[in-house]
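Visitor: Data file work.cif (mmCIF, C-alpha atoms and all ligand atoms) is appended below.
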```
data_coords
#
loop_
_atom_site.label_atom_id
_atom_site.label_comp_id
_atom_site.auth_asym_id
_atom_site.auth_seq_id
_atom_site.Cartn_x
_atom_site.Cartn_y
_atom_site.Cartn_z
CA MET Q 1 -55.48 30.83 0.11
CA VAL Q 2 -55.68 27.10 0.36
CA THR Q 3 -55.59 24.37 -2.30
CA ALA Q 4 -58.59 22.04 -2.60
CA LEU Q 5 -58.22 18.27 -2.90
CA LEU Q 6 -61.29 16.66 -4.44
CA THR Q 7 -61.56 12.92 -4.17
CA HIS Q 8 -64.03 10.19 -3.19
CA ASP Q 9 -63.96 6.56 -2.10
CA ALA Q 10 -65.74 5.75 -5.37
CA ALA Q 11 -62.27 5.90 -6.95
CA LEU Q 12 -61.47 2.72 -5.01
CA HIS Q 13 -64.49 0.89 -6.41
CA HIS Q 14 -63.47 1.11 -10.06
CA VAL Q 15 -61.76 -2.27 -10.33
CA THR Q 16 -59.54 -3.53 -13.15
CA PRO Q 17 -58.17 -7.05 -13.69
CA GLU Q 18 -55.22 -8.37 -11.71
CA GLY Q 19 -51.99 -7.01 -13.18
CA HIS Q 20 -53.66 -4.02 -14.90
CA PRO Q 21 -51.49 -0.89 -14.49
CA GLU Q 22 -54.45 1.47 -13.88
CA ARG Q 23 -55.33 0.04 -10.48
CA VAL Q 24 -56.91 0.94 -7.16
CA ALA Q 25 -53.50 1.13 -5.46
CA ARG Q 26 -52.65 4.24 -7.52
CA ILE Q 27 -55.16 6.35 -5.60
CA GLU Q 28 -54.31 4.73 -2.28
CA HIS Q 29 -50.61 5.53 -2.68
CA LEU Q 30 -51.18 9.04 -3.98
CA LEU Q 31 -53.59 9.95 -1.18
CA HIS Q 32 -51.21 8.48 1.38
CA ALA Q 33 -48.49 10.78 0.03
CA LEU Q 34 -50.84 13.76 0.43
CA ALA Q 35 -52.15 12.74 3.85
CA ALA Q 36 -50.21 15.33 5.87
CA PHE Q 37 -50.74 18.22 3.45
CA PRO Q 38 -52.92 21.08 4.74
CA LEU Q 39 -55.45 20.88 1.91
CA MET Q 40 -59.16 21.64 1.90
CA ARG Q 41 -60.55 18.13 1.44
CA VAL Q 42 -63.80 18.07 -0.49
CA PRO Q 43 -65.81 15.01 -1.59
CA ALA Q 44 -66.05 14.78 -5.37
CA PRO Q 45 -69.77 14.94 -6.21
CA LEU Q 46 -71.50 13.05 -9.02
CA ALA Q 47 -71.54 15.02 -12.26
CA GLU Q 48 -74.91 15.97 -13.68
CA ASP Q 49 -75.73 14.21 -16.96
CA SER Q 50 -75.98 17.68 -18.50
CA ASP Q 51 -72.32 18.33 -17.64
CA ILE Q 52 -71.17 15.05 -19.21
CA GLU Q 53 -73.43 15.56 -22.24
CA ARG Q 54 -71.51 18.66 -23.30
CA CYS Q 55 -68.86 16.14 -24.39
CA HIS Q 56 -70.59 12.76 -24.80
CA PRO Q 57 -74.04 12.04 -26.28
CA PRO Q 58 -76.70 10.39 -24.08
CA SER Q 59 -76.47 7.28 -26.29
CA TYR Q 60 -72.83 6.82 -25.26
CA ILE Q 61 -73.60 7.22 -21.57
CA GLY Q 62 -76.52 4.81 -22.00
CA SER Q 63 -74.29 2.28 -23.72
CA LEU Q 64 -71.81 2.34 -20.83
CA GLU Q 65 -74.70 1.98 -18.38
CA SER Q 66 -76.08 -0.99 -20.29
CA HIS Q 67 -72.71 -2.74 -20.15
CA LEU Q 68 -72.08 -2.01 -16.48
CA PRO Q 69 -71.80 -5.42 -14.80
CA SER Q 70 -73.69 -6.10 -11.58
CA ARG Q 71 -70.72 -8.28 -10.59
CA GLY Q 72 -67.39 -9.14 -12.17
CA LEU Q 73 -65.89 -7.15 -15.02
CA HIS Q 74 -66.89 -6.13 -18.54
CA GLN Q 75 -64.16 -5.43 -21.10
CA VAL Q 76 -64.87 -2.32 -23.18
CA ASP Q 77 -61.72 -2.50 -25.30
CA GLY Q 78 -58.25 -4.03 -25.04
CA ASP Q 79 -57.30 -1.81 -22.10
CA THR Q 80 -60.54 -0.46 -20.71
CA TRP Q 81 -62.79 -2.18 -18.20
CA LEU Q 82 -66.04 -1.66 -16.38
CA SER Q 83 -66.65 -2.99 -12.87
CA PRO Q 84 -69.86 -2.38 -10.89
CA GLY Q 85 -68.41 0.84 -9.42
CA SER Q 86 -66.81 2.23 -12.57
CA LEU Q 87 -69.48 4.67 -13.73
CA ASP Q 88 -69.93 6.08 -10.25
CA ALA Q 89 -66.17 6.68 -10.12
CA ALA Q 90 -66.04 8.27 -13.60
CA ARG Q 91 -69.07 10.45 -12.80
CA ARG Q 92 -67.36 11.66 -9.63
CA ALA Q 93 -64.15 12.41 -11.54
CA ALA Q 94 -66.22 14.63 -13.85
CA GLY Q 95 -68.22 16.04 -10.94
CA GLY Q 96 -64.97 16.65 -9.08
CA ILE Q 97 -63.58 18.87 -11.80
CA VAL Q 98 -66.86 20.77 -12.08
CA LYS Q 99 -66.92 21.35 -8.32
CA ALA Q 100 -63.22 22.31 -8.35
CA ILE Q 101 -63.85 24.87 -11.08
CA ASP Q 102 -66.71 26.38 -9.10
CA MET Q 103 -64.58 26.63 -5.97
CA VAL Q 104 -61.68 28.28 -7.80
CA LEU Q 105 -63.87 30.69 -9.79
CA ASP Q 106 -65.83 31.60 -6.66
CA GLY Q 107 -62.61 32.40 -4.82
CA GLU Q 108 -63.12 29.75 -2.13
CA VAL Q 109 -59.69 28.24 -2.85
CA ALA Q 110 -56.59 29.32 -4.77
CA ASN Q 111 -56.48 26.25 -6.98
CA ALA Q 112 -57.50 22.60 -6.86
CA PHE Q 113 -56.41 19.04 -7.56
CA VAL Q 114 -58.88 16.29 -8.44
CA ALA Q 115 -57.50 12.90 -7.37
CA MET Q 116 -59.89 10.45 -8.98
CA ARG Q 117 -59.78 7.51 -11.35
CA PRO Q 118 -60.46 6.29 -13.99
CA PRO Q 119 -58.48 8.93 -15.89
CA GLY Q 120 -60.20 10.80 -18.73
CA HIS Q 121 -58.01 12.20 -21.46
CA HIS Q 122 -58.26 9.27 -23.90
CA ALA Q 123 -62.08 9.10 -23.91
CA GLU Q 124 -63.41 10.39 -27.22
CA ARG Q 125 -66.93 11.56 -27.91
CA THR Q 126 -68.40 8.07 -28.41
CA THR Q 127 -65.40 5.87 -27.62
CA ALA Q 128 -64.08 4.72 -24.25
CA MET Q 129 -60.41 3.84 -24.55
CA GLY Q 130 -57.05 3.82 -22.81
CA PHE Q 131 -58.53 3.19 -19.32
CA CYS Q 132 -60.81 6.26 -19.78
CA LEU Q 133 -64.62 6.56 -19.81
CA PHE Q 134 -65.48 10.27 -19.67
CA GLY Q 135 -63.30 13.17 -20.85
CA THR Q 136 -62.90 14.80 -17.47
CA ALA Q 137 -60.67 17.72 -18.48
CA ALA Q 138 -62.79 18.59 -21.53
CA ILE Q 139 -65.98 18.32 -19.47
CA GLY Q 140 -64.42 20.85 -17.11
CA ALA Q 141 -63.45 23.18 -19.94
CA LYS Q 142 -66.94 23.06 -21.46
CA TYR Q 143 -68.55 23.63 -18.07
CA ALA Q 144 -66.38 26.70 -17.43
CA LEU Q 145 -67.22 28.14 -20.86
CA GLU Q 146 -70.92 27.30 -21.02
CA THR Q 147 -72.02 27.67 -17.43
CA ARG Q 148 -69.55 30.02 -15.81
CA GLY Q 149 -69.30 32.46 -18.68
CA LEU Q 150 -65.55 32.32 -19.18
CA SER Q 151 -64.29 33.52 -22.55
CA ARG Q 152 -61.24 31.28 -22.89
CA VAL Q 153 -59.98 28.14 -21.17
CA ALA Q 154 -56.64 26.40 -21.72
CA VAL Q 155 -56.05 22.71 -21.11
CA VAL Q 156 -52.42 21.68 -20.63
CA ASP Q 157 -51.90 17.91 -20.72
CA PHE Q 158 -48.46 16.71 -19.61
CA ASP Q 159 -49.34 13.01 -19.40
CA VAL Q 160 -46.79 10.97 -21.38
CA HIS Q 161 -49.53 9.73 -23.72
CA HIS Q 162 -51.24 12.01 -26.22
CA GLY Q 163 -54.53 13.39 -24.92
CA ASN Q 164 -56.45 12.24 -27.98
CA GLY Q 165 -59.78 12.37 -26.17
CA THR Q 166 -59.40 15.94 -24.97
CA GLN Q 167 -58.23 16.90 -28.46
CA ASP Q 168 -61.28 15.20 -30.00
CA LEU Q 169 -63.75 16.77 -27.57
CA LEU Q 170 -62.34 20.30 -27.91
CA TRP Q 171 -61.27 20.16 -31.60
CA HIS Q 172 -64.05 22.52 -32.72
CA GLU Q 173 -64.09 24.66 -29.56
CA ARG Q 174 -62.40 27.92 -30.52
CA ARG Q 175 -62.65 29.20 -26.94
CA ALA Q 176 -60.44 26.35 -25.71
CA LEU Q 177 -56.73 26.00 -26.35
CA THR Q 178 -55.60 22.38 -25.90
CA ILE Q 179 -51.86 21.86 -25.42
CA THR Q 180 -50.49 18.37 -25.05
CA SER Q 181 -46.90 17.22 -24.67
CA HIS Q 182 -46.33 13.50 -25.05
CA GLN Q 183 -43.85 10.87 -26.05
CA SER Q 184 -43.92 10.03 -29.77
CA PRO Q 185 -43.97 7.38 -31.03
CA LEU Q 186 -46.18 5.85 -28.35
CA TRP Q 187 -49.75 4.64 -27.97
CA PRO Q 188 -52.31 5.95 -29.06
CA GLY Q 189 -50.26 7.18 -32.04
CA THR Q 190 -52.06 10.51 -32.48
CA GLY Q 191 -50.76 13.96 -31.53
CA ALA Q 192 -48.55 14.88 -34.48
CA SER Q 193 -47.60 18.53 -34.61
CA HIS Q 194 -49.71 19.06 -37.74
CA GLU Q 195 -52.88 18.26 -35.74
CA THR Q 196 -53.82 21.83 -34.84
CA GLY Q 197 -57.60 21.82 -34.30
CA ALA Q 198 -60.42 23.34 -36.33
CA HIS Q 199 -59.44 26.87 -35.27
CA ASP Q 200 -55.71 26.52 -34.69
CA ASN Q 201 -56.75 25.77 -31.11
CA VAL Q 202 -54.71 22.60 -30.55
CA LEU Q 203 -50.96 22.51 -29.95
CA ASN Q 204 -49.30 19.09 -30.03
CA LEU Q 205 -45.74 18.75 -28.79
CA PRO Q 206 -44.30 15.28 -29.46
CA LEU Q 207 -41.21 14.42 -27.44
CA PRO Q 208 -38.74 11.72 -28.51
CA PRO Q 209 -38.39 8.51 -26.46
CA GLY Q 210 -35.54 8.79 -23.99
CA SER Q 211 -35.71 12.56 -23.71
CA ASP Q 212 -35.44 14.06 -20.26
CA GLY Q 213 -36.65 16.99 -18.22
CA SER Q 214 -34.28 19.46 -19.82
CA ARG Q 215 -35.89 18.80 -23.22
CA MET Q 216 -39.32 19.21 -21.64
CA ARG Q 217 -38.29 22.52 -20.05
CA GLU Q 218 -37.03 23.83 -23.40
CA VAL Q 219 -40.26 22.88 -25.14
CA TYR Q 220 -42.43 24.48 -22.47
CA GLU Q 221 -40.29 27.64 -22.38
CA ASP Q 222 -40.19 27.99 -26.16
CA ARG Q 223 -43.65 26.81 -27.20
CA VAL Q 224 -46.10 26.48 -24.32
CA PHE Q 225 -45.63 29.51 -22.10
CA PRO Q 226 -45.59 32.06 -24.97
CA ARG Q 227 -48.68 30.46 -26.48
CA LEU Q 228 -50.52 30.55 -23.14
CA ARG Q 229 -49.57 34.18 -22.63
CA GLU Q 230 -50.86 35.05 -26.08
CA PHE Q 231 -54.12 33.11 -25.58
CA ALA Q 232 -54.63 34.65 -22.11
CA PRO Q 233 -57.07 32.07 -20.74
CA ASP Q 234 -59.42 32.83 -17.84
CA LEU Q 235 -58.67 29.41 -16.36
CA ILE Q 236 -55.99 26.74 -16.88
CA ILE Q 237 -56.96 23.09 -16.55
CA LEU Q 238 -54.10 20.61 -16.13
CA SER Q 239 -54.32 17.00 -17.24
CA ALA Q 240 -51.76 15.82 -14.73
CA GLY Q 241 -50.29 12.48 -15.72
CA PHE Q 242 -47.12 11.35 -13.99
CA ASP Q 243 -46.16 8.63 -16.46
CA ALA Q 244 -43.44 10.74 -18.10
CA HIS Q 245 -41.43 9.92 -14.96
CA ALA Q 246 -38.26 7.91 -15.69
CA ASP Q 247 -39.51 5.04 -13.50
CA ASP Q 248 -42.85 4.63 -15.24
CA PRO Q 249 -43.31 1.18 -16.81
CA LEU Q 250 -45.57 2.25 -19.70
CA ALA Q 251 -43.37 4.83 -21.43
CA ASN Q 252 -39.81 5.97 -22.02
CA LEU Q 253 -39.41 9.59 -21.04
CA ASN Q 254 -36.93 10.42 -18.30
CA TRP Q 255 -38.54 13.18 -16.29
CA GLN Q 256 -37.68 13.31 -12.60
CA THR Q 257 -39.88 14.38 -9.70
CA GLU Q 258 -38.13 17.74 -9.73
CA ASP Q 259 -39.27 18.27 -13.32
CA PHE Q 260 -42.92 17.89 -12.33
CA ARG Q 261 -42.37 20.42 -9.56
CA TRP Q 262 -40.73 22.88 -12.00
CA LEU Q 263 -43.49 22.45 -14.55
CA THR Q 264 -46.24 23.01 -11.99
CA GLU Q 265 -44.49 26.08 -10.55
CA ARG Q 266 -44.07 27.61 -13.98
CA LEU Q 267 -47.65 26.88 -15.05
CA CYS Q 268 -48.93 28.39 -11.81
CA ALA Q 269 -46.71 31.45 -12.27
CA LEU Q 270 -48.10 31.88 -15.74
CA ALA Q 271 -51.63 31.49 -14.39
CA SER Q 272 -50.85 34.27 -11.90
CA GLU Q 273 -49.88 36.51 -14.82
CA VAL Q 274 -52.90 35.85 -17.01
CA CYS Q 275 -55.82 34.60 -14.89
CA GLY Q 276 -55.34 35.35 -11.23
CA GLY Q 277 -53.66 32.00 -10.63
CA ARG Q 278 -56.79 30.02 -11.43
CA VAL Q 279 -55.59 26.43 -11.98
CA VAL Q 280 -57.58 23.21 -11.69
CA SER Q 281 -55.60 19.99 -12.08
CA THR Q 282 -56.99 16.50 -12.63
CA LEU Q 283 -55.15 13.20 -12.30
CA GLU Q 284 -54.52 11.25 -15.50
CA GLY Q 285 -51.85 8.51 -15.67
CA GLY Q 286 -48.82 7.46 -13.64
CA TYR Q 287 -48.25 3.74 -13.11
CA ASP Q 288 -45.17 3.34 -10.94
CA LEU Q 289 -46.65 3.73 -7.47
CA GLN Q 290 -43.55 5.35 -5.94
CA ALA Q 291 -43.02 7.75 -8.86
CA LEU Q 292 -46.72 8.62 -8.90
CA SER Q 293 -46.71 9.35 -5.18
CA GLU Q 294 -43.55 11.47 -5.26
CA ALA Q 295 -44.28 13.38 -8.45
CA GLY Q 296 -47.95 13.79 -7.49
CA ALA Q 297 -46.95 15.15 -4.10
CA ALA Q 298 -44.46 17.55 -5.72
CA HIS Q 299 -47.22 18.72 -8.06
CA VAL Q 300 -49.68 19.36 -5.23
CA ARG Q 301 -47.03 21.03 -3.09
CA ALA Q 302 -46.26 23.42 -5.95
CA LEU Q 303 -49.99 24.17 -6.30
CA MET Q 304 -50.14 24.93 -2.56
CA GLU Q 305 -47.10 27.18 -2.65
CA ALA Q 306 -48.48 29.06 -5.65
CA GLY Q 307 -51.71 29.71 -3.75
CA GLU Q 308 -50.07 31.11 -0.65
ZN ZN Q 401 -50.63 8.27 -19.77
#
```
Here is the file; what I need is its structure written in the form of structure tokens.
Ligand SMILES: [Zn+2]
Guide:
Amino acid sequence: MVTALLTHDAALHHVTPEGHPERVARIEHLLHALAAFPLMRVPAPLAEDSDIERCHPPSYIGSLESHLPSRGLHQVDGDTWLSPGSLDAARRAAGGIVKAIDMVLDGEVANAFVAMRPPGHHAERTTAMGFCLFGTAAIGAKYALETRGLSRVAVVDFDVHHGNGTQDLLWHERRALTITSHQSPLWPGTGASHETGAHDNVLNLPLPPGSDGSRMREVYEDRVFPRLREFAPDLIILSAGFDAHADDPLANLNWQTEDFRWLTERLCALASEVCGGRVVSTLEGGYDLQALSEAGAAHVRALMEAGE
């Protein structure tokens, strides 16, 4: 079966200031790298408010709407910006993961990758931060649990930054296991190993600056794969950031493209064991355009090969 690629031109209309690392060119370069791949290309639809509201209250959505500029930019925090197209883009990132989950659960595709921006994993319940507006991965997890009747969903976040937003949004959700590996110390400073969720449902795996793919492989072999097997999710959602790559300018891990391929292959193999291979991946970070394109392409190729 085929792999779905969900994206939308709206991702190009979320604009950040000149010199900002989370920029339009990220999507352009990544999609260019995927251009020849035989994927099922599906437009990312707008999320329903009800899907977003499983993670963010209407007052938060309303506050973002009220600050949305009709032209120019509005600064939400030190790193996070709104342009006229930003909410449409964030809503389609959330809608993209919902649609991807439906397609995978309905057996239309083997697995799926959502290539949208802004990213989502730093957005907390009532706080936009770290380039993120809506918690895309958590919105997907809640949708799968509440609407599709799944019993357990795992989120695996391999972005180099801690997925503080996903952790916040799923902290009390005993049906979700949130696993995040990340460089520590590094912004946002959360994600210590003693942060384990309200129901021992969060697993944080800090990695030291300068560590490479072999350290990552050890940690995933020793800690992540056994825990996923034990939890036996019905679906695995990946928060796919590519900023742990050695060439990334925002962090100091030394993963290579081959490490992202290995990680994706192993996660897909585990998904085959426990949940019929059902994997939905959503783009988070990755700020060196070449590294993002290569590692992103390796990730999607591994998804495709797993679905064959
Ligand atoms: Zn990141």
Visitor: Which polymer residues have any atom within 7 Å of an atom of region 190-192 of chain Q, counting only C-alpha atoms, with same-chain residues fewer than 2 positions away left out, as number ranges by chain?
Guide: Q: 162, 164, 188, 194-195, 204, 206
Visitor: Once you count only C-alpha atoms and all ligand atoms, which residues end up within 6 Å of ligand ZN 401 (chain Q), and could you hand them over as a PDB file with C-alpha atoms, keeping the file's coordinate frame?
Guide:
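Produced file pocket-v1.pdb, reproduced below:
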```
ATOM      1  CA  ASP Q 159     -49.340  13.010 -19.400  1.00  0.00           C
ATOM      2  CA  VAL Q 160     -46.790  10.970 -21.380  1.00  0.00           C
ATOM      3  CA  HIS Q 161     -49.530   9.730 -23.720  1.00  0.00           C
ATOM      4  CA  GLY Q 241     -50.290  12.480 -15.720  1.00  0.00           C
ATOM      5  CA  ASP Q 243     -46.160   8.630 -16.460  1.00  0.00           C
ATOM      6  CA  GLY Q 285     -51.850   8.510 -15.670  1.00  0.00           C
TER       7      GLY Q 285
END
```
Visitor: Draw an axis-aligned box tight on the listed atoms of region 241-260 of chain Q, then pad every side by 5 Å and write out centre and edge lengths in Å to one decimal as JSON.
Guide:
```
{"center_x": -43.6, "center_y": 9.7, "center_z": -15.9, "size_x": 23.4, "size_y": 27.1, "size_z": 22.3}
```
Visitor: Of the residues Q:Ala306, Q:Leu34, Q:Ala4, Q:Val224, which is the one nearest to Ser293 (chain Q), using all atoms listed in the file?
Guide: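 Among Q:Ala306, Q:Leu34, Q:Ala4, Q:Val224, it is Q:Leu34 that comes nearest to Ser293 (chain Q).
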Visitor: By how many Å are CA of Thr16 (chain Q) and CA of Trp81 (chain Q) apart?
Guide: 6.2 Å
Visitor: I want to know what sits within 6 Å of region 136-141 of chain Q, based on all atoms listed in the file, with residues of the same chain fewer than 5 positions away left out; could you give that as number ranges by chain?
Guide: Q: 94, 97-98, 120, 166
Visitor: Restricting the calculation to all atoms listed in the file, which member of Q:Leu82, Q:Gly307, Q:Leu5, Q:Glu18 is positioned closest to Met129 (chain Q)?
Guide: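 Looking only at the distances to Met129 (chain Q), the closest residue turns out to be Q:Leu82.
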Visitor: Report, in Å to a single decimal, how far apart CA of Arg266 (chain Q) and CA of Pro249 (chain Q) are.
Guide: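 That distance, rounded to one decimal, is 26.6 Å.
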Visitor: To one decimal in Å, tell me the separation between CA of Trp255 (chain Q) and CA of Pro21 (chain Q).
Guide: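 CA of Pro21 (chain Q) lies 19.2 Å from CA of Trp255 (chain Q).
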Visitor: Measuring atom to atom with only C-alpha atoms, identify which of Q:Ala232, Q:Ala271, Q:Ala291, Q:Val280 is nearest to Thr3 (chain Q).
Guide: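 Of Q:Ala232, Q:Ala271, Q:Ala291, Q:Val280, the one nearest Thr3 (chain Q), counting only C-alpha atoms, is Q:Val280.
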Visitor: Counting all atoms listed in the file, what is within 10 Å of Leu31 (chain Q), bar same-chain residues fewer than 4 positions away, as an MDAnalysis selection string?
Guide: chainID Q and resid 5 7 25:27 35:37 115 293 296:297
Visitor: Those residues you just picked out, can you put them in a file as a PDB file, in the coordinates of the input with C-alpha atoms?
Guide:
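out.pdb was written with the following content:
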```pdb
ATOM      1  CA  LEU Q   5     -58.220  18.270  -2.900  1.00  0.00           C
ATOM      2  CA  THR Q   7     -61.560  12.920  -4.170  1.00  0.00           C
ATOM      3  CA  ALA Q  25     -53.500   1.130  -5.460  1.00  0.00           C
ATOM      4  CA  ARG Q  26     -52.650   4.240  -7.520  1.00  0.00           C
ATOM      5  CA  ILE Q  27     -55.160   6.350  -5.600  1.00  0.00           C
ATOM      6  CA  ALA Q  35     -52.150  12.740   3.850  1.00  0.00           C
ATOM      7  CA  ALA Q  36     -50.210  15.330   5.870  1.00  0.00           C
ATOM      8  CA  PHE Q  37     -50.740  18.220   3.450  1.00  0.00           C
ATOM      9  CA  ALA Q 115     -57.500  12.900  -7.370  1.00  0.00           C
ATOM     10  CA  SER Q 293     -46.710   9.350  -5.180  1.00  0.00           C
ATOM     11  CA  GLY Q 296     -47.950  13.790  -7.490  1.00  0.00           C
ATOM     12  CA  ALA Q 297     -46.950  15.150  -4.100  1.00  0.00           C
TER      13      ALA Q 297
END
```
Visitor: For each of Q:Gly130, Q:Val104, Q:Glu65, Q:His32, take the minimum atom-to-atom distance to Thr80 (chain Q), counting only C-alpha atoms, then give the residue where this is smallest.
Guide: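 The shortest atom-to-atom distance to Thr80 (chain Q) comes from Q:Gly130.
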Visitor: Using all atoms listed in the file, which protein or nucleic acid residues come within 12 Å of Glu53 (chain Q)? Drop anything in the same chain fewer than 2 positions from it, and give the result as a ChimeraX atom specification.
Guide: /Q:47-51,55-62,91,94,125-126,134-136,138-140,142-143,169
Visitor: Measuring atom to atom with all atoms listed in the file, identify which of Q:Leu12, Q:Ala128, Q:Ile179, Q:Leu253 is nearest to Val24 (chain Q).
Guide: Q:Leu12
Visitor: Counting all atoms listed in the file, which of Q:Gly210, Q:Gly276, Q:Gly197, Q:Pro84 gets nearest to Arg174 (chain Q)?
Guide: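 Looking only at the distances to Arg174 (chain Q), the closest residue turns out to be Q:Gly197.
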Visitor: Compile the contact shell of Ala240 (chain Q) as a compact mmCIF listing (two decimals) with C-alpha atoms, in the coordinates of the input: residues with an atom at most 8 Å away, counting only C-alpha atoms, same-chain residues fewer than 4 positions apart removed.
Guide:
```
# COMPACT_ATOMS: atom_id res chain seq x y z
CA ASP Q 157 -51.90 17.91 -20.72
CA PHE Q 158 -48.46 16.71 -19.61
CA ASP Q 159 -49.34 13.01 -19.40
CA SER Q 281 -55.60 19.99 -12.08
CA THR Q 282 -56.99 16.50 -12.63
CA LEU Q 283 -55.15 13.20 -12.30
CA GLU Q 284 -54.52 11.25 -15.50
CA GLY Q 285 -51.85 8.51 -15.67
```
Visitor: Please, which residues are within 9 Å of (-61.8, 14.2, -8.5) by the file's coordinates, counting all atoms listed in the file, and could they come as a ChimeraX atom specification?
Guide: /Q:5-8,11,43-45,89-90,92-97,99-100,113-117,282-283
